[in-house]
Amino acid sequence: MIGAALDRIREQAGPLSLAVVLHVVLGGLLVLGTAIHGSNPQDAPGRGNEHQPIQAVVVNQADYQAAQSTIKKAQDAKEAHASQLKAEAESAEKARAKAEHELARLKQQKQSTASDVQNTQKQLASQSQQLQQLKDQAAKVAEQRKQYEAKIAQLKADADKAKKAQAEEKARLAKAQAAAEAARKSQVQAQMQAEQEQQLKKDRGNWVAAIAQRVTSNWIRPPNTPQGLDCSVKITQLPSGQVVNAVMQQCNGDSVIQQSILTAVRKASPLPTPDNPDVFSRQITFEFAPDQN
Amino acid sequence: MRKIVLFSLIAVAAAMTTATARADLVIKITQGVNQPTPVAVAPFGWNGEGTAPVDVAGVVAGDLARSGLFAPLAVSKMLSQPNADSKINFTNWKAVSVNDLVVGSIDVTGDTAQIRFRLFNVYTGQQLLGYSLPARVDDLRFAGHQIADKVYEKLTGTPGAFATRIAYIRKEGSGKDSKWELIVADSDGANAQVVVKSSQLLMSPAFSPDGKKIAYVQFENDASHIYIQDIATGKRKVALTRPGINGAPAFSPDGSELALVLSSHPGDPDVYLLDLATGKLQQVTHSPAIDTEPAWMPDGKALIFTSDRGGSPQLYEQALNGSAKAERITWNGSYNARGDVSPDGKSAVLVHRDNGSLRIALLDLASGNMRLLTNGPTDVSPSFAPNGAMILYSTGSGDQRKLATVSADGRVHEELSGNAGALSQPVWGKIP
């Protein structure tokens, strides 16, 4: 009945519920076991009488005869007695056999019960063992699971870590790439700027040269230009190159020189316009210094 | 307190100026062109009867051109012909790249004229000159030279020397039929007037510093005499008549003395000084070689002359303090003669013989450097214009001898118009 229940439980329940059920069942069995022990036949009354009926008797012939008669009488008596006894014995024997039988039956029953108990215990033990095993297994599984979980967690952590590292690496790479890109860009920009500046410089140089050439070709140096002449004239021009204003800033030459210079910058109008409008300057200061070349 | 405010204002202004100046583009001009300045002299308006007897504008333009410093625009290329009263459209003159413009008008009243003229800078629009000068109607040429002088001075900073006179000798015919004339003319060779006529050799004319008198050598009966003649009146007197050569007179800068050449001993001419007030003679050079062609330094303290005392004709300078020895000043080549000193005393022109060719050269007296101004082959008798900007000389040979000018920088050569015939020994008078 218990085994069937266990089987049923085993069949129907998972290891954990199994363990719980087992506990309950075991508790029940323990109560039952005590009840069985309590009905042990050794503790039954009347058990001490079974050893007393066995006694030996020794007698001579005359005595025997006399005795025979007597005996006989006695014997008869005895026999009567004996038969009585015997009947009694027989009845006792019968009782004893019956008792013995009962005892045996009880014993057997006891044995059977003990065996049952044993079996049950065995089963219990086995089941307990199984339970333990299951428990162990469960524990093991739990442990494994724990381990797995730990492992998983670890793996997950590792994975996270790796992922994080990867992300970081990716970020780092991205950053590095961005930096590289930025650097490249800035380098390109710098280069472009440098080139632009170079170009600007070149354009300005060309423009300045063209203007200088034009002003030079229009400056008729008076014959008596003094040594160390240094005159600055500031002009304002329109984008068309038309000179709209020319003012002498300073000049160490006489009025003739100054006239020649003012004429030159005016006559150079319109000044050459730059190919690159960026280099255009609305105001230009011409420094007439023929001895400083 | 007020001062502090003012100072801070100045500081701010200075800072602003600096900032502005930094933003400016500065372009250095280290060269110019060495060429005549393009100018225009528009035909002068004539407010009188008929047409003007003289193209005054043409006289002005001719003078400016001869100086070598100006390139006057041909009248045919002018887009307009404004006079002194016109409103000037400068665009017309910019269009033909003219730097400066002269306009004028002549208002005639009877025999006299009033010439009004203006000088403009075409590119600044500024009027540089505005003059009104009186002139005789029959002397408009000279007025033209005066205008040229003013324009020249305004545009170059150096006084003009166009309203001056030159003198030269003209020879006509040959052999026994030869005739000589001493002629005085305007600086452009025009207005030539014969001052002396002679059937014998006339030579070595020299102006007095005031330009009113002229000294010259005239041969009479094969003897040479030095005369001094008043140009206007024609009156003359003998300055010196000595046996032998009496030649090469030259007035001192103050006009009180005459440097000249005498040969006390045949073949040994020396330089002397003649005091014109006292007639006293003083020998300046004493070498047994030929010393001739004296010319005064502008300060009157020394003479330069030609001498072959070193074996070849060279120029020497002789101080007139009575003690110093003559110093040779030409070292280039084997023939340097007939020197004339510039008005500023810094240079001399001379005749330099180079490979048999006679050329006019300019000698820098400080450095001794010589620069050839003409190409020869028979350029002689150089004489500085009184402003030192031009040199008058004679060129050619025989009866094709002409007068020419060269600008002091050697850039412009121009032959003077004048009478036909052999013209020689020109000399440029001082600015009166």
# chains A, B, ... in the order shown; residues from 1 in each chain; ligands from 1
call {"tool": "residues_around", "arguments": {"residues": "Gly396 (chain B)", "least_positions_apart": "3", "cutoff": "7 Å", "atoms": "only C-alpha atoms", "output": "list in words"}}
result
Thr378, Asp379, Gln400, Arg401 and Lys402 of chain B
call {"tool": "closest_atom_pairs", "arguments": {"of": "chain B", "to": "chain A", "cutoff": "6 Å", "atoms": "only C-alpha atoms", "output": "Markdown table"}}
result
| residue | atom | partner | partner_atom | distance |
| --- | --- | --- | --- | --- |
| B:Asp24 | CA | A:Ile284 | CA | 5.7 |
| B:Leu25 | CA | A:Ile284 | CA | 4.8 |
| B:Val26 | CA | A:Thr285 | CA | 4.7 |
| B:Ile27 | CA | A:Phe286 | CA | 4.9 |
| B:Lys28 | CA | A:Glu287 | CA | 4.6 |
| B:Ile29 | CA | A:Phe288 | CA | 4.7 |
| B:Thr30 | CA | A:Pro290 | CA | 3.8 |
| B:Gln31 | CA | A:Pro290 | CA | 5.3 |
| B:Gly32 | CA | A:Trp219 | CA | 4.8 |
| B:Val33 | CA | A:Ile220 | CA | 4.9 |
| B:Tyr123 | CA | A:Thr263 | CA | 5.6 |
| B:Leu155 | CA | A:Val256 | CA | 5.9 |
call {"tool": "atom_distance", "arguments": {"atom1": "CA of Trp296 (chain B)", "atom2": "CA of Ser252 (chain B)"}}
result
6.3 Å
call {"tool": "residues_around", "arguments": {"residues": "Pro272 (chain A)", "least_positions_apart": "3", "cutoff": "8 Å", "atoms": "only C-alpha atoms", "output": "PyMOL selection string"}}
result
chain A and resi 207+210-211+214+241
call {"tool": "select_by_dssp", "arguments": {"residues": "region 114-288 of chain B", "states": "helix (DSSP H, G or I)", "output": "number ranges by chain"}}
result
B: 137-156, 175-177
call {"tool": "closest_residue", "arguments": {"among": "B:Ala167, B:Ala40, B:Ile115, B:Ala337", "to": "Ser97 (chain B)", "atoms": "only C-alpha atoms"}}
result
B:Ala40
call {"tool": "atom_distance", "arguments": {"atom1": "CA of Ile214 (chain B)", "atom2": "CA of Tyr227 (chain B)"}}
result
8.1 Å
call {"tool": "select_by_dssp", "arguments": {"residues": "region 206-245 of chain A", "states": "strand (DSSP E)", "output": "number ranges by chain"}}
result
A: 231-237, 243-245
call {"tool": "decode", "arguments": {"residues": "region 197-240 of chain A", "atoms": "N, CA and C atoms", "output": "PDB file, in the first residue's frame"}}
result
ATOM      1  N   GLU A 197      45.710  78.875 -48.500  1.00  0.00           N
ATOM      2  CA  GLU A 197      46.520  80.025 -48.119  1.00  0.00           C
ATOM      3  C   GLU A 197      47.638  80.238 -49.126  1.00  0.00           C
ATOM      4  N   GLN A 198      48.198  79.081 -49.511  1.00  0.00           N
ATOM      5  CA  GLN A 198      49.277  79.125 -50.504  1.00  0.00           C
ATOM      6  C   GLN A 198      48.752  79.768 -51.785  1.00  0.00           C
ATOM      7  N   GLN A 199      47.562  79.287 -52.145  1.00  0.00           N
ATOM      8  CA  GLN A 199      46.944  79.796 -53.375  1.00  0.00           C
ATOM      9  C   GLN A 199      46.630  81.272 -53.222  1.00  0.00           C
ATOM     10  N   LEU A 200      46.098  81.565 -52.002  1.00  0.00           N
ATOM     11  CA  LEU A 200      45.756  82.950 -51.711  1.00  0.00           C
ATOM     12  C   LEU A 200      46.997  83.827 -51.795  1.00  0.00           C
ATOM     13  N   LYS A 201      48.055  83.265 -51.199  1.00  0.00           N
ATOM     14  CA  LYS A 201      49.318  83.976 -51.184  1.00  0.00           C
ATOM     15  C   LYS A 201      49.812  84.189 -52.617  1.00  0.00           C
ATOM     16  N   LYS A 202      49.661  83.098 -53.375  1.00  0.00           N
ATOM     17  CA  LYS A 202      50.104  83.135 -54.773  1.00  0.00           C
ATOM     18  C   LYS A 202      49.269  84.145 -55.555  1.00  0.00           C
ATOM     19  N   ASP A 203      47.942  84.043 -55.327  1.00  0.00           N
ATOM     20  CA  ASP A 203      47.043  84.960 -56.019  1.00  0.00           C
ATOM     21  C   ASP A 203      47.349  86.398 -55.645  1.00  0.00           C
ATOM     22  N   ARG A 204      47.551  86.564 -54.319  1.00  0.00           N
ATOM     23  CA  ARG A 204      47.839  87.909 -53.859  1.00  0.00           C
ATOM     24  C   ARG A 204      49.164  88.384 -54.439  1.00  0.00           C
ATOM     25  N   GLY A 205      50.126  87.444 -54.421  1.00  0.00           N
ATOM     26  CA  GLY A 205      51.446  87.770 -54.979  1.00  0.00           C
ATOM     27  C   GLY A 205      51.338  88.193 -56.434  1.00  0.00           C
ATOM     28  N   ASN A 206      50.549  87.429 -57.182  1.00  0.00           N
ATOM     29  CA  ASN A 206      50.371  87.755 -58.603  1.00  0.00           C
ATOM     30  C   ASN A 206      49.714  89.114 -58.770  1.00  0.00           C
ATOM     31  N   TRP A 207      48.707  89.294 -57.926  1.00  0.00           N
ATOM     32  CA  TRP A 207      47.964  90.556 -58.023  1.00  0.00           C
ATOM     33  C   TRP A 207      48.857  91.734 -57.661  1.00  0.00           C
ATOM     34  N   VAL A 208      49.551  91.546 -56.523  1.00  0.00           N
ATOM     35  CA  VAL A 208      50.448  92.611 -56.061  1.00  0.00           C
ATOM     36  C   VAL A 208      51.499  92.908 -57.129  1.00  0.00           C
ATOM     37  N   ALA A 209      52.018  91.837 -57.722  1.00  0.00           N
ATOM     38  CA  ALA A 209      53.044  92.017 -58.753  1.00  0.00           C
ATOM     39  C   ALA A 209      52.475  92.776 -59.947  1.00  0.00           C
ATOM     40  N   ALA A 210      51.236  92.413 -60.303  1.00  0.00           N
ATOM     41  CA  ALA A 210      50.597  93.079 -61.444  1.00  0.00           C
ATOM     42  C   ALA A 210      50.382  94.560 -61.146  1.00  0.00           C
ATOM     43  N   ILE A 211      49.949  94.819 -59.916  1.00  0.00           N
ATOM     44  CA  ILE A 211      49.720  96.214 -59.529  1.00  0.00           C
ATOM     45  C   ILE A 211      51.042  96.982 -59.491  1.00  0.00           C
ATOM     46  N   ALA A 212      52.029  96.334 -58.852  1.00  0.00           N
ATOM     47  CA  ALA A 212      53.342  96.985 -58.732  1.00  0.00           C
ATOM     48  C   ALA A 212      53.891  97.299 -60.124  1.00  0.00           C
ATOM     49  N   GLN A 213      53.706  96.320 -61.014  1.00  0.00           N
ATOM     50  CA  GLN A 213      54.210  96.505 -62.375  1.00  0.00           C
ATOM     51  C   GLN A 213      53.511  97.691 -63.037  1.00  0.00           C
ATOM     52  N   ARG A 214      52.203  97.754 -62.808  1.00  0.00           N
ATOM     53  CA  ARG A 214      51.421  98.810 -63.445  1.00  0.00           C
ATOM     54  C   ARG A 214      51.797 100.181 -62.887  1.00  0.00           C
ATOM     55  N   VAL A 215      51.949 100.233 -61.568  1.00  0.00           N
ATOM     56  CA  VAL A 215      52.313 101.516 -60.963  1.00  0.00           C
ATOM     57  C   VAL A 215      53.734 101.903 -61.380  1.00  0.00           C
ATOM     58  N   THR A 216      54.619 100.901 -61.369  1.00  0.00           N
ATOM     59  CA  THR A 216      56.011 101.164 -61.758  1.00  0.00           C
ATOM     60  C   THR A 216      56.080 101.745 -63.169  1.00  0.00           C
ATOM     61  N   SER A 217      55.313 101.130 -64.065  1.00  0.00           N
ATOM     62  CA  SER A 217      55.374 101.586 -65.459  1.00  0.00           C
ATOM     63  C   SER A 217      54.744 102.962 -65.628  1.00  0.00           C
ATOM     64  N   ASN A 218      53.994 103.380 -64.622  1.00  0.00           N
ATOM     65  CA  ASN A 218      53.372 104.702 -64.705  1.00  0.00           C
ATOM     66  C   ASN A 218      54.113 105.760 -63.889  1.00  0.00           C
ATOM     67  N   TRP A 219      55.140 105.306 -63.185  1.00  0.00           N
ATOM     68  CA  TRP A 219      55.888 106.280 -62.389  1.00  0.00           C
ATOM     69  C   TRP A 219      57.101 106.770 -63.172  1.00  0.00           C
ATOM     70  N   ILE A 220      57.001 107.975 -63.633  1.00  0.00           N
ATOM     71  CA  ILE A 220      58.141 108.587 -64.312  1.00  0.00           C
ATOM     72  C   ILE A 220      58.960 109.279 -63.235  1.00  0.00           C
ATOM     73  N   ARG A 221      60.095 108.674 -62.986  1.00  0.00           N
ATOM     74  CA  ARG A 221      60.934 109.224 -61.916  1.00  0.00           C
ATOM     75  C   ARG A 221      61.518 110.551 -62.342  1.00  0.00           C
ATOM     76  N   PRO A 222      61.285 111.578 -61.548  1.00  0.00           N
ATOM     77  CA  PRO A 222      61.906 112.869 -61.871  1.00  0.00           C
ATOM     78  C   PRO A 222      63.426 112.698 -61.894  1.00  0.00           C
ATOM     79  N   PRO A 223      64.107 113.453 -62.782  1.00  0.00           N
ATOM     80  CA  PRO A 223      65.551 113.271 -62.953  1.00  0.00           C
ATOM     81  C   PRO A 223      66.334 113.484 -61.666  1.00  0.00           C
ATOM     82  N   ASN A 224      65.825 114.334 -60.818  1.00  0.00           N
ATOM     83  CA  ASN A 224      66.592 114.628 -59.602  1.00  0.00           C
ATOM     84  C   ASN A 224      66.022 113.928 -58.382  1.00  0.00           C
ATOM     85  N   THR A 225      65.534 112.700 -58.571  1.00  0.00           N
ATOM     86  CA  THR A 225      65.032 111.933 -57.436  1.00  0.00           C
ATOM     87  C   THR A 225      66.156 111.760 -56.418  1.00  0.00           C
ATOM     88  N   PRO A 226      65.934 112.235 -55.211  1.00  0.00           N
ATOM     89  CA  PRO A 226      67.023 112.161 -54.223  1.00  0.00           C
ATOM     90  C   PRO A 226      67.281 110.729 -53.758  1.00  0.00           C
ATOM     91  N   GLN A 227      68.485 110.502 -53.331  1.00  0.00           N
ATOM     92  CA  GLN A 227      68.840 109.203 -52.743  1.00  0.00           C
ATOM     93  C   GLN A 227      68.023 109.004 -51.463  1.00  0.00           C
ATOM     94  N   GLY A 228      67.635 107.768 -51.224  1.00  0.00           N
ATOM     95  CA  GLY A 228      66.913 107.450 -49.989  1.00  0.00           C
ATOM     96  C   GLY A 228      65.484 107.943 -49.979  1.00  0.00           C
ATOM     97  N   LEU A 229      64.936 108.145 -51.174  1.00  0.00           N
ATOM     98  CA  LEU A 229      63.543 108.589 -51.252  1.00  0.00           C
ATOM     99  C   LEU A 229      62.635 107.543 -50.604  1.00  0.00           C
ATOM    100  N   ASP A 230      61.708 108.026 -49.791  1.00  0.00           N
ATOM    101  CA  ASP A 230      60.775 107.113 -49.135  1.00  0.00           C
ATOM    102  C   ASP A 230      59.437 107.832 -48.979  1.00  0.00           C
ATOM    103  N   CYS A 231      58.496 107.460 -49.808  1.00  0.00           N
ATOM    104  CA  CYS A 231      57.197 108.116 -49.780  1.00  0.00           C
ATOM    105  C   CYS A 231      56.093 107.066 -49.747  1.00  0.00           C
ATOM    106  N   SER A 232      55.106 107.311 -48.903  1.00  0.00           N
ATOM    107  CA  SER A 232      53.969 106.401 -48.834  1.00  0.00           C
ATOM    108  C   SER A 232      52.713 107.119 -49.266  1.00  0.00           C
ATOM    109  N   VAL A 233      52.022 106.498 -50.198  1.00  0.00           N
ATOM    110  CA  VAL A 233      50.758 107.070 -50.646  1.00  0.00           C
ATOM    111  C   VAL A 233      49.693 106.002 -50.476  1.00  0.00           C
ATOM    112  N   LYS A 234      48.591 106.410 -49.878  1.00  0.00           N
ATOM    113  CA  LYS A 234      47.515 105.461 -49.602  1.00  0.00           C
ATOM    114  C   LYS A 234      46.397 105.701 -50.600  1.00  0.00           C
ATOM    115  N   ILE A 235      46.009 104.634 -51.260  1.00  0.00           N
ATOM    116  CA  ILE A 235      44.939 104.785 -52.240  1.00  0.00           C
ATOM    117  C   ILE A 235      43.717 103.988 -51.813  1.00  0.00           C
ATOM    118  N   THR A 236      42.591 104.419 -52.277  1.00  0.00           N
ATOM    119  CA  THR A 236      41.353 103.661 -52.096  1.00  0.00           C
ATOM    120  C   THR A 236      40.850 103.318 -53.485  1.00  0.00           C
ATOM    121  N   GLN A 237      40.514 102.056 -53.658  1.00  0.00           N
ATOM    122  CA  GLN A 237      40.045 101.640 -54.972  1.00  0.00           C
ATOM    123  C   GLN A 237      38.689 100.949 -54.872  1.00  0.00           C
ATOM    124  N   LEU A 238      38.007 100.954 -55.978  1.00  0.00           N
ATOM    125  CA  LEU A 238      36.755 100.218 -56.085  1.00  0.00           C
ATOM    126  C   LEU A 238      37.104  98.801 -56.522  1.00  0.00           C
ATOM    127  N   PRO A 239      36.170  97.874 -56.360  1.00  0.00           N
ATOM    128  CA  PRO A 239      36.439  96.507 -56.815  1.00  0.00           C
ATOM    129  C   PRO A 239      36.829  96.454 -58.295  1.00  0.00           C
ATOM    130  N   SER A 240      36.425  97.440 -59.053  1.00  0.00           N
ATOM    131  CA  SER A 240      36.790  97.483 -60.469  1.00  0.00           C
ATOM    132  C   SER A 240      38.248  97.851 -60.654  1.00  0.00           C
TER     133      SER A 240
END
